[in-house]
Amino acid sequence: KRRPVPLMFIDEADRYGVGQVALDFVGWGTSFIDYDNDGRPDLFVVNGSTLQYPEDSTHLVPMRSQMFWNRGPAEGFFDVSAVSGSYFRNAYVGRGAAFADYDNDGDIDVFVVNNGGPGILLRNDGGNRNHWLAVELRGRKSNRQGIGVKLRLVAGGASQVRQVGAQSSYLSQNSLIENFGLRALTRVDSLVVVWPSGSRQVRTNLPANQRLIVVEGAEMETTRERVQNFWALYREATLQRTARQTQAAAETYSRALALNPDHEDVLYYFGSMRFALGDFAAAEGAWRRIIARNPSSARTHSQLGSLYLCLDANAPFQLDSAETHLRRAYEINKEETGPLLHLGEAALVRGDLVTAGRYFNEVLGSHAKSTEAHFYAGYIAWKGGDTAGAREAFRLAVAATAARPPAAGVPGEGDTKSGSTPMHAERLRCNQLATLTGGLRGADVGREMTVRYRTLDGLLINARHRKS
């Protein structure tokens, strides 16, 4: 049986240049960071006294913080505070310090918390002149944040070892993304990742200057690969959408969102595909997510307005919300008459024929061949007993239909960037009112007009019951 070997700890601070130089200071937030990406961990120390001014006991004595540059094991650390920025020339009652690459430029920045004073954000300018690799961990069997993961990186014959979450100091939390400095090296020979669960992953020949995402039990994916995969899926989904492969496009857009959850175009078209498939909840969720990030998206307000005006059985019919979004869409982009047309339809549902007529006249003022606006204007005249006016408006609707070219080429604002024909399924979905304008013929205007306007009248009566 082997005897246990006794442990002995020796203070080596003086030997490495961080002993005597720190005696006059009270250190708090501290971390080893490779601020110049030369592959050697440097030392940042936030200082601040616990003693009061003799002449003013309400204030603590401030101190300068310190930056120590690591010149290697043979020579140790050198205090470079004097040449590291104006922050180090001023005294503060420092306490906490959190370290992260907040601007994603490849070098570590610092946020310092001061007692009785404002926090200070120190941006590292110049550390990324050397190459680097950032590693982000996502646990599955282990904890989600990857705390406790051990990393061993080898590049140019030198190795670096880190343990995620091991350095956060006084009242602070560092970023859990580990940054490795690589000097002038452009590639990493190997990276070994050992998870708390015991699983182990290895990646070799990694290019520098990127963030590597490591998912426990999965293939490692670099930011560059992630971006490339996202755009490949985006192009695939666009081809499927323009080919009217609605279900396939919806699934591909969903896969793209897994890589970039906030991409506006993908969210918009994913919502459009789910809308066309009758999945109104998913469409609403995608479009509302856009509005939360970009309140000035006219096309998304317009889509939400159409959704809330939808008369389909399972649609989230909300007339007030529909009008709010449609008005906002028109305020943002007054070149589009679609929101005005839908606002007129909303007014018809409310039974407000005067307001509806005003909207339809405004549409016709900029789009004189709008079949729908002429058709609805005829209905308003018909309801008012103006048979001659109704016949004339209906005749204009028929003429506009006959003059309308096949749908192709120029999309509505924000719809199909390829200029392809809008989706037929989407036109049929939630379009019970406007479908009455389809296939207008002028053979027997009086009879056809009466049949269509009676049908429209019935739809509006049912919608009003639903509203109430």
# chains A, B, ... in the order shown; residues from 1 in each chain; ligands from 1
>>> closest_atom_pairs(of="segment 142-230 of chain A", to="segment 120-127 of chain A", cutoff="12 Å", atoms="only C-alpha atoms", output="Markdown table")
| residue | atom | partner | partner_atom | distance |
| --- | --- | --- | --- | --- |
| A:Asn179 | CA | A:Gly127 | CA | 11.6 |
| A:Phe180 | CA | A:Gly127 | CA | 11.6 |
| A:Gly181 | CA | A:Gly127 | CA | 9.1 |
| A:Leu182 | CA | A:Gly127 | CA | 11.1 |
| A:Arg183 | CA | A:Gly127 | CA | 10.1 |
>>> write_last_selection(atoms="N, CA, C and O atoms", output="PDB file, in the first residue's frame")
ATOM      1  N   ASN A 179     -11.845  31.882 -24.801  1.00  0.00           N
ATOM      2  CA  ASN A 179     -11.024  32.423 -25.886  1.00  0.00           C
ATOM      3  C   ASN A 179      -9.573  31.956 -25.733  1.00  0.00           C
ATOM      4  O   ASN A 179      -8.996  32.060 -24.651  1.00  0.00           O
ATOM      5  N   PHE A 180      -9.003  31.461 -26.822  1.00  0.00           N
ATOM      6  CA  PHE A 180      -7.602  31.027 -26.843  1.00  0.00           C
ATOM      7  C   PHE A 180      -6.815  31.935 -27.799  1.00  0.00           C
ATOM      8  O   PHE A 180      -7.216  32.106 -28.960  1.00  0.00           O
ATOM      9  N   GLY A 181      -5.709  32.507 -27.312  1.00  0.00           N
ATOM     10  CA  GLY A 181      -4.824  33.264 -28.186  1.00  0.00           C
ATOM     11  C   GLY A 181      -3.897  32.341 -28.947  1.00  0.00           C
ATOM     12  O   GLY A 181      -3.396  31.353 -28.397  1.00  0.00           O
ATOM     13  N   LEU A 182      -3.635  32.660 -30.223  1.00  0.00           N
ATOM     14  CA  LEU A 182      -2.861  31.757 -31.083  1.00  0.00           C
ATOM     15  C   LEU A 182      -1.617  32.416 -31.678  1.00  0.00           C
ATOM     16  O   LEU A 182      -0.997  31.843 -32.574  1.00  0.00           O
ATOM     17  N   ARG A 183      -1.247  33.606 -31.201  1.00  0.00           N
ATOM     18  CA  ARG A 183      -0.112  34.341 -31.761  1.00  0.00           C
ATOM     19  C   ARG A 183      -0.332  34.544 -33.273  1.00  0.00           C
ATOM     20  O   ARG A 183      -1.383  35.010 -33.673  1.00  0.00           O
TER      21      ARG A 183
END
>>> select_by_dssp(residues="segment 272-461 of chain A", states="alpha helix (DSSP H)", output="VMD selection string")
chain A and resid 272 to 276 280 to 293 298 to 308 319 to 332 338 to 350 353 to 366 371 to 383 387 to 403 424 to 428 445 to 461
>>> closest_residue(among="A:Asn174, A:Lys141, A:Ser86, A:Ile380", to="Gly351 of chain A", atoms="only C-alpha atoms")
A:Ile380
>>> closest_residue(among="A:His367, A:Arg255, A:His342, A:Arg138", to="Val215 of chain A", atoms="only C-alpha atoms")
A:Arg138
>>> residues_around(residues="Glu331 of chain A", least_positions_apart="6", cutoff="12 Å", atoms="only C-alpha atoms", output="mmCIF file with N, CA, C and O atoms, in the first residue's frame")
data_model
loop_
_atom_site.group_PDB
_atom_site.id
_atom_site.type_symbol
_atom_site.label_atom_id
_atom_site.label_comp_id
_atom_site.auth_asym_id
_atom_site.auth_seq_id
_atom_site.Cartn_x
_atom_site.Cartn_y
_atom_site.Cartn_z
ATOM 1 N N PRO A 295 -40.327 46.834 -35.336
ATOM 2 C CA PRO A 295 -41.704 47.352 -35.349
ATOM 3 C C PRO A 295 -42.071 48.074 -36.638
ATOM 4 O O PRO A 295 -43.249 48.379 -36.851
ATOM 5 N N SER A 296 -41.104 48.355 -37.503
ATOM 6 C CA SER A 296 -41.371 49.087 -38.747
ATOM 7 C C SER A 296 -41.469 48.174 -39.962
ATOM 8 O O SER A 296 -41.344 48.643 -41.098
ATOM 9 N N SER A 297 -41.687 46.889 -39.751
ATOM 10 C CA SER A 297 -41.843 45.966 -40.878
ATOM 11 C C SER A 297 -43.269 46.045 -41.406
ATOM 12 O O SER A 297 -44.191 45.438 -40.864
ATOM 13 N N ALA A 298 -43.460 46.809 -42.477
ATOM 14 C CA ALA A 298 -44.804 47.011 -43.032
ATOM 15 C C ALA A 298 -45.412 45.697 -43.502
ATOM 16 O O ALA A 298 -46.599 45.429 -43.285
ATOM 17 N N ARG A 299 -44.611 44.868 -44.163
ATOM 18 C CA ARG A 299 -45.147 43.624 -44.704
ATOM 19 C C ARG A 299 -45.650 42.711 -43.585
ATOM 20 O O ARG A 299 -46.645 42.004 -43.748
ATOM 21 N N HIS A 301 -46.736 43.715 -40.479
ATOM 22 C CA HIS A 301 -47.983 44.294 -39.966
ATOM 23 C C HIS A 301 -49.146 43.944 -40.893
ATOM 24 O O HIS A 301 -50.248 43.614 -40.433
ATOM 25 N N SER A 302 -48.906 44.011 -42.193
ATOM 26 C CA SER A 302 -49.954 43.698 -43.161
ATOM 27 C C SER A 302 -50.395 42.236 -43.042
ATOM 28 O O SER A 302 -51.591 41.930 -43.072
ATOM 29 N N THR A 324 -55.537 47.670 -36.225
ATOM 30 C CA THR A 324 -54.316 48.286 -35.689
ATOM 31 C C THR A 324 -53.117 47.976 -36.570
ATOM 32 O O THR A 324 -52.334 48.868 -36.941
ATOM 33 N N HIS A 325 -52.952 46.711 -36.931
ATOM 34 C CA HIS A 325 -51.797 46.326 -37.751
ATOM 35 C C HIS A 325 -51.915 46.852 -39.177
ATOM 36 O O HIS A 325 -50.910 47.271 -39.774
ATOM 37 N N THR A 337 -51.468 49.597 -51.424
ATOM 38 C CA THR A 337 -52.910 49.773 -51.205
ATOM 39 C C THR A 337 -53.556 48.564 -50.544
ATOM 40 O O THR A 337 -54.712 48.629 -50.136
ATOM 41 N N PRO A 339 -53.176 47.203 -47.509
ATOM 42 C CA PRO A 339 -53.722 47.469 -46.175
ATOM 43 C C PRO A 339 -55.005 48.292 -46.211
ATOM 44 O O PRO A 339 -55.919 48.051 -45.417
ATOM 45 N N LEU A 340 -55.105 49.262 -47.140
ATOM 46 C CA LEU A 340 -56.332 50.065 -47.253
ATOM 47 C C LEU A 340 -57.510 49.192 -47.672
ATOM 48 O O LEU A 340 -58.628 49.333 -47.149
#
>>> residues_around(residues="Arg95 of chain A", least_positions_apart="2", cutoff="7 Å", atoms="only C-alpha atoms", output="VMD selection string")
chain A and resid 28 to 29 46 to 48 93 97 113 to 115
>>> write_last_selection(atoms="N, CA and C atoms", output="PDB file, in the first residue's frame")
ATOM      1  N   TRP A  28      -9.538  42.643  -5.681  1.00  0.00           N
ATOM      2  CA  TRP A  28     -10.880  42.038  -5.650  1.00  0.00           C
ATOM      3  C   TRP A  28     -11.105  41.207  -6.916  1.00  0.00           C
ATOM      4  N   GLY A  29     -11.824  41.776  -7.869  1.00  0.00           N
ATOM      5  CA  GLY A  29     -12.061  41.036  -9.107  1.00  0.00           C
ATOM      6  C   GLY A  29     -10.754  40.755  -9.833  1.00  0.00           C
ATOM      7  N   VAL A  46      -8.539  44.065 -10.186  1.00  0.00           N
ATOM      8  CA  VAL A  46      -9.276  45.260  -9.777  1.00  0.00           C
ATOM      9  C   VAL A  46      -8.969  45.528  -8.304  1.00  0.00           C
ATOM     10  N   ASN A  47      -8.518  46.727  -7.998  1.00  0.00           N
ATOM     11  CA  ASN A  47      -8.142  47.089  -6.636  1.00  0.00           C
ATOM     12  C   ASN A  47      -9.081  48.139  -6.054  1.00  0.00           C
ATOM     13  N   GLY A  48      -9.221  48.123  -4.740  1.00  0.00           N
ATOM     14  CA  GLY A  48     -10.018  49.121  -4.039  1.00  0.00           C
ATOM     15  C   GLY A  48      -9.926  48.893  -2.542  1.00  0.00           C
ATOM     16  N   VAL A  93     -12.680  52.808  -6.251  1.00  0.00           N
ATOM     17  CA  VAL A  93     -12.905  51.806  -5.214  1.00  0.00           C
ATOM     18  C   VAL A  93     -13.459  50.576  -5.935  1.00  0.00           C
ATOM     19  N   ALA A  97     -15.283  42.302 -11.320  1.00  0.00           N
ATOM     20  CA  ALA A  97     -14.815  42.385 -12.701  1.00  0.00           C
ATOM     21  C   ALA A  97     -15.330  41.170 -13.470  1.00  0.00           C
ATOM     22  N   VAL A 113     -16.943  46.785 -11.760  1.00  0.00           N
ATOM     23  CA  VAL A 113     -17.940  47.345 -10.854  1.00  0.00           C
ATOM     24  C   VAL A 113     -17.223  48.069  -9.721  1.00  0.00           C
ATOM     25  N   ASN A 114     -17.615  49.327  -9.486  1.00  0.00           N
ATOM     26  CA  ASN A 114     -16.991  50.144  -8.448  1.00  0.00           C
ATOM     27  C   ASN A 114     -17.946  50.380  -7.288  1.00  0.00           C
ATOM     28  N   ASN A 115     -17.395  50.413  -6.097  1.00  0.00           N
ATOM     29  CA  ASN A 115     -18.174  50.708  -4.896  1.00  0.00           C
ATOM     30  C   ASN A 115     -18.482  52.209  -4.872  1.00  0.00           C
TER      31      ASN A 115
END
>>> residues_around(residues="segment 167-170 of chain A", least_positions_apart="3", cutoff="12 Å", atoms="only C-alpha atoms", output="mmCIF file with N, CA, C and O atoms, in the first residue's frame")
data_model
loop_
_atom_site.group_PDB
_atom_site.id
_atom_site.type_symbol
_atom_site.label_atom_id
_atom_site.label_comp_id
_atom_site.auth_asym_id
_atom_site.auth_seq_id
_atom_site.Cartn_x
_atom_site.Cartn_y
_atom_site.Cartn_z
ATOM 1 N N GLY A 27 -6.771 43.691 -3.607
ATOM 2 C CA GLY A 27 -7.323 43.156 -4.846
ATOM 3 C C GLY A 27 -8.677 42.498 -4.664
ATOM 4 O O GLY A 27 -8.945 41.856 -3.643
ATOM 5 N N TRP A 28 -9.538 42.643 -5.681
ATOM 6 C CA TRP A 28 -10.880 42.038 -5.650
ATOM 7 C C TRP A 28 -11.105 41.207 -6.916
ATOM 8 O O TRP A 28 -10.650 40.083 -7.024
ATOM 9 N N GLY A 29 -11.824 41.776 -7.869
ATOM 10 C CA GLY A 29 -12.061 41.036 -9.107
ATOM 11 C C GLY A 29 -10.754 40.755 -9.833
ATOM 12 O O GLY A 29 -9.948 41.659 -10.085
ATOM 13 N N THR A 30 -10.517 39.475 -10.160
ATOM 14 C CA THR A 30 -9.236 39.054 -10.731
ATOM 15 C C THR A 30 -9.464 37.935 -11.741
ATOM 16 O O THR A 30 -10.326 37.085 -11.533
ATOM 17 N N SER A 31 -8.677 37.955 -12.817
ATOM 18 C CA SER A 31 -8.785 36.840 -13.762
ATOM 19 C C SER A 31 -7.541 36.772 -14.629
ATOM 20 O O SER A 31 -6.926 37.795 -14.947
ATOM 21 N N PHE A 32 -7.160 35.541 -14.983
ATOM 22 C CA PHE A 32 -6.125 35.340 -15.982
ATOM 23 C C PHE A 32 -6.796 35.424 -17.355
ATOM 24 O O PHE A 32 -7.674 34.616 -17.682
ATOM 25 N N ILE A 33 -6.406 36.413 -18.149
ATOM 26 C CA ILE A 33 -6.958 36.577 -19.504
ATOM 27 C C ILE A 33 -5.798 36.804 -20.462
ATOM 28 O O ILE A 33 -4.830 37.488 -20.134
ATOM 29 N N LEU A 43 -2.709 38.759 -16.438
ATOM 30 C CA LEU A 43 -3.443 38.882 -15.174
ATOM 31 C C LEU A 43 -4.001 40.292 -15.022
ATOM 32 O O LEU A 43 -3.253 41.271 -15.089
ATOM 33 N N PHE A 44 -5.320 40.372 -14.815
ATOM 34 C CA PHE A 44 -6.000 41.649 -14.574
ATOM 35 C C PHE A 44 -6.498 41.637 -13.129
ATOM 36 O O PHE A 44 -7.147 40.682 -12.701
ATOM 37 N N VAL A 45 -6.216 42.714 -12.388
ATOM 38 C CA VAL A 45 -6.617 42.801 -10.980
ATOM 39 C C VAL A 45 -7.329 44.129 -10.735
ATOM 40 O O VAL A 45 -6.789 45.195 -11.054
ATOM 41 N N VAL A 46 -8.539 44.065 -10.186
ATOM 42 C CA VAL A 46 -9.276 45.260 -9.777
ATOM 43 C C VAL A 46 -8.969 45.528 -8.304
ATOM 44 O O VAL A 46 -9.150 44.654 -7.448
ATOM 45 N N ASN A 47 -8.518 46.727 -7.998
ATOM 46 C CA ASN A 47 -8.142 47.089 -6.636
ATOM 47 C C ASN A 47 -9.081 48.139 -6.054
ATOM 48 O O ASN A 47 -9.650 48.951 -6.787
ATOM 49 N N GLY A 94 -12.569 49.849 -6.585
ATOM 50 C CA GLY A 94 -12.982 48.726 -7.411
ATOM 51 C C GLY A 94 -13.420 47.526 -6.606
ATOM 52 O O GLY A 94 -12.977 47.313 -5.475
ATOM 53 N N ARG A 95 -14.300 46.743 -7.200
ATOM 54 C CA ARG A 95 -14.745 45.509 -6.553
ATOM 55 C C ARG A 95 -14.840 44.372 -7.596
ATOM 56 O O ARG A 95 -13.943 43.591 -7.737
ATOM 57 N N GLY A 96 -15.930 44.279 -8.303
ATOM 58 C CA GLY A 96 -16.120 43.146 -9.208
ATOM 59 C C GLY A 96 -15.523 43.390 -10.586
ATOM 60 O O GLY A 96 -15.276 44.527 -10.998
ATOM 61 N N ALA A 97 -15.283 42.302 -11.320
ATOM 62 C CA ALA A 97 -14.815 42.385 -12.701
ATOM 63 C C ALA A 97 -15.330 41.170 -13.470
ATOM 64 O O ALA A 97 -15.139 40.034 -13.034
ATOM 65 N N ALA A 98 -15.992 41.423 -14.592
ATOM 66 C CA ALA A 98 -16.499 40.346 -15.449
ATOM 67 C C ALA A 98 -15.789 40.434 -16.794
ATOM 68 O O ALA A 98 -15.608 41.537 -17.340
ATOM 69 N N PHE A 99 -15.403 39.295 -17.345
ATOM 70 C CA PHE A 99 -14.572 39.247 -18.540
ATOM 71 C C PHE A 99 -15.324 38.526 -19.657
ATOM 72 O O PHE A 99 -15.856 37.430 -19.468
ATOM 73 N N ALA A 100 -15.343 39.160 -20.848
ATOM 74 C CA ALA A 100 -16.029 38.576 -22.003
ATOM 75 C C ALA A 100 -15.618 39.341 -23.249
ATOM 76 O O ALA A 100 -15.208 40.507 -23.180
ATOM 77 N N VAL A 112 -15.942 46.531 -15.131
ATOM 78 C CA VAL A 112 -15.529 46.687 -13.739
ATOM 79 C C VAL A 112 -16.657 47.332 -12.947
ATOM 80 O O VAL A 112 -17.261 48.320 -13.388
ATOM 81 N N VAL A 113 -16.943 46.785 -11.760
ATOM 82 C CA VAL A 113 -17.940 47.345 -10.854
ATOM 83 C C VAL A 113 -17.223 48.069 -9.721
ATOM 84 O O VAL A 113 -16.318 47.509 -9.095
ATOM 85 N N ASN A 114 -17.615 49.327 -9.486
ATOM 86 C CA ASN A 114 -16.991 50.144 -8.448
ATOM 87 C C ASN A 114 -17.946 50.380 -7.288
ATOM 88 O O ASN A 114 -19.153 50.544 -7.479
ATOM 89 N N ILE A 147 -20.508 24.223 -17.909
ATOM 90 C CA ILE A 147 -19.661 24.523 -16.750
ATOM 91 C C ILE A 147 -18.941 23.244 -16.299
ATOM 92 O O ILE A 147 -19.566 22.194 -16.142
ATOM 93 N N GLY A 148 -17.647 23.358 -16.101
ATOM 94 C CA GLY A 148 -16.853 22.200 -15.704
ATOM 95 C C GLY A 148 -16.192 21.472 -16.850
ATOM 96 O O GLY A 148 -15.366 20.571 -16.622
ATOM 97 N N ARG A 162 -7.916 24.798 -20.240
ATOM 98 C CA ARG A 162 -8.922 25.627 -19.571
ATOM 99 C C ARG A 162 -10.000 24.729 -18.959
ATOM 100 O O ARG A 162 -10.242 23.609 -19.429
ATOM 101 N N GLN A 163 -10.665 25.250 -17.935
ATOM 102 C CA GLN A 163 -11.859 24.622 -17.396
ATOM 103 C C GLN A 163 -12.954 25.684 -17.367
ATOM 104 O O GLN A 163 -12.783 26.736 -16.746
ATOM 105 N N VAL A 164 -14.042 25.426 -18.043
ATOM 106 C CA VAL A 164 -15.106 26.419 -18.205
ATOM 107 C C VAL A 164 -15.731 26.757 -16.850
ATOM 108 O O VAL A 164 -16.097 25.870 -16.082
ATOM 109 N N GLN A 173 -19.546 37.310 -12.876
ATOM 110 C CA GLN A 173 -19.701 36.113 -13.708
ATOM 111 C C GLN A 173 -19.046 36.371 -15.051
ATOM 112 O O GLN A 173 -19.468 37.254 -15.797
ATOM 113 N N ASN A 174 -18.008 35.619 -15.366
ATOM 114 C CA ASN A 174 -17.357 35.744 -16.670
ATOM 115 C C ASN A 174 -18.174 35.048 -17.742
ATOM 116 O O ASN A 174 -19.002 34.177 -17.467
ATOM 117 N N SER A 175 -17.904 35.420 -18.986
ATOM 118 C CA SER A 175 -18.485 34.703 -20.115
ATOM 119 C C SER A 175 -18.036 33.244 -20.063
ATOM 120 O O SER A 175 -16.907 32.932 -19.680
ATOM 121 N N LEU A 176 -18.931 32.340 -20.456
ATOM 122 C CA LEU A 176 -18.603 30.917 -20.493
ATOM 123 C C LEU A 176 -18.038 30.491 -21.841
ATOM 124 O O LEU A 176 -17.813 29.305 -22.085
ATOM 125 N N GLU A 178 -14.903 30.351 -24.010
ATOM 126 C CA GLU A 178 -13.463 30.385 -23.764
ATOM 127 C C GLU A 178 -12.715 30.886 -25.007
ATOM 128 O O GLU A 178 -12.923 30.390 -26.113
#
>>> closest_residue(among="A:Arg226, A:Arg328, A:Pro6, A:Pro62", to="Asp24 of chain A", atoms="only C-alpha atoms")
A:Pro62
>>> atom_distance(atom1="atom CA of Gln201 of chain A", atom2="atom CA of Ala218 of chain A")
8.7 Å
>>> closest_residue(among="A:Tyr308, A:Arg274, A:Tyr268, A:Gly378", to="Trp287 of chain A", atoms="only C-alpha atoms")
A:Tyr268
>>> residues_around(residues="Ser159 of chain A", least_positions_apart="5", cutoff="12 Å", atoms="only C-alpha atoms", output="count of residues only")
14
>>> closest_residue(among="A:Gly139, A:Gly19, A:Gly72, A:Gly389", to="Met449 of chain A", atoms="only C-alpha atoms")
A:Gly389
>>> atom_distance(atom1="atom CA of Asp320 of chain A", atom2="atom CA of Leu348 of chain A")
13.4 Å
>>> residues_around(residues="Phe375 of chain A", least_positions_apart="5", cutoff="9 Å", atoms="only C-alpha atoms", output="list in words")
Ser370, Ile380, Ala390, Ala393, Phe394, Arg395, Leu396, Ala397, Val398, Leu436, Thr437 and Tyr453 of chain A
>>> write_last_selection(atoms="N, CA, C and O atoms", output="short mmCIF file (atom, residue, chain, number, x, y, z; two decimals), in the first residue's frame")
data_model
loop_
_atom_site.label_atom_id
_atom_site.label_comp_id
_atom_site.auth_asym_id
_atom_site.auth_seq_id
_atom_site.Cartn_x
_atom_site.Cartn_y
_atom_site.Cartn_z
N SER A 370 -58.47 48.36 -59.61
CA SER A 370 -58.59 47.39 -58.54
C SER A 370 -59.95 46.70 -58.62
O SER A 370 -60.99 47.31 -58.34
N ILE A 380 -71.60 48.42 -51.66
CA ILE A 380 -72.06 49.51 -50.80
C ILE A 380 -73.23 50.24 -51.47
O ILE A 380 -74.24 50.58 -50.82
N ALA A 390 -74.60 50.58 -58.35
CA ALA A 390 -74.07 49.25 -58.09
C ALA A 390 -73.71 48.55 -59.40
O ALA A 390 -72.64 47.93 -59.52
N ALA A 393 -70.45 50.10 -60.85
CA ALA A 393 -69.26 49.65 -60.14
C ALA A 393 -68.97 48.19 -60.44
O ALA A 393 -67.80 47.80 -60.61
N PHE A 394 -70.03 47.37 -60.54
CA PHE A 394 -69.84 45.96 -60.85
C PHE A 394 -69.27 45.81 -62.26
O PHE A 394 -68.39 44.98 -62.51
N ARG A 395 -69.78 46.64 -63.20
CA ARG A 395 -69.27 46.60 -64.57
C ARG A 395 -67.78 46.95 -64.61
O ARG A 395 -66.99 46.31 -65.32
N LEU A 396 -67.37 47.96 -63.82
CA LEU A 396 -65.96 48.33 -63.75
C LEU A 396 -65.11 47.21 -63.15
O LEU A 396 -63.96 47.00 -63.55
N ALA A 397 -65.69 46.48 -62.17
CA ALA A 397 -64.97 45.34 -61.59
C ALA A 397 -64.75 44.26 -62.63
O ALA A 397 -63.67 43.66 -62.72
N VAL A 398 -65.79 44.00 -63.45
CA VAL A 398 -65.67 43.00 -64.52
C VAL A 398 -64.61 43.43 -65.52
O VAL A 398 -63.77 42.63 -65.95
N LEU A 436 -64.97 36.27 -53.88
CA LEU A 436 -66.21 36.56 -54.60
C LEU A 436 -65.95 37.39 -55.85
O LEU A 436 -66.82 37.52 -56.71
N THR A 437 -64.74 37.99 -55.93
CA THR A 437 -64.42 38.78 -57.12
C THR A 437 -63.79 37.92 -58.22
O THR A 437 -63.50 38.42 -59.30
N TYR A 453 -73.54 39.70 -54.50
CA TYR A 453 -73.70 40.62 -53.37
C TYR A 453 -74.54 40.01 -52.25
O TYR A 453 -74.31 40.30 -51.07
#
>>> closest_residue(among="A:Ala346, A:Leu459, A:Tyr379, A:Ala315", to="Glu392 of chain A", atoms="only C-alpha atoms")
A:Tyr379
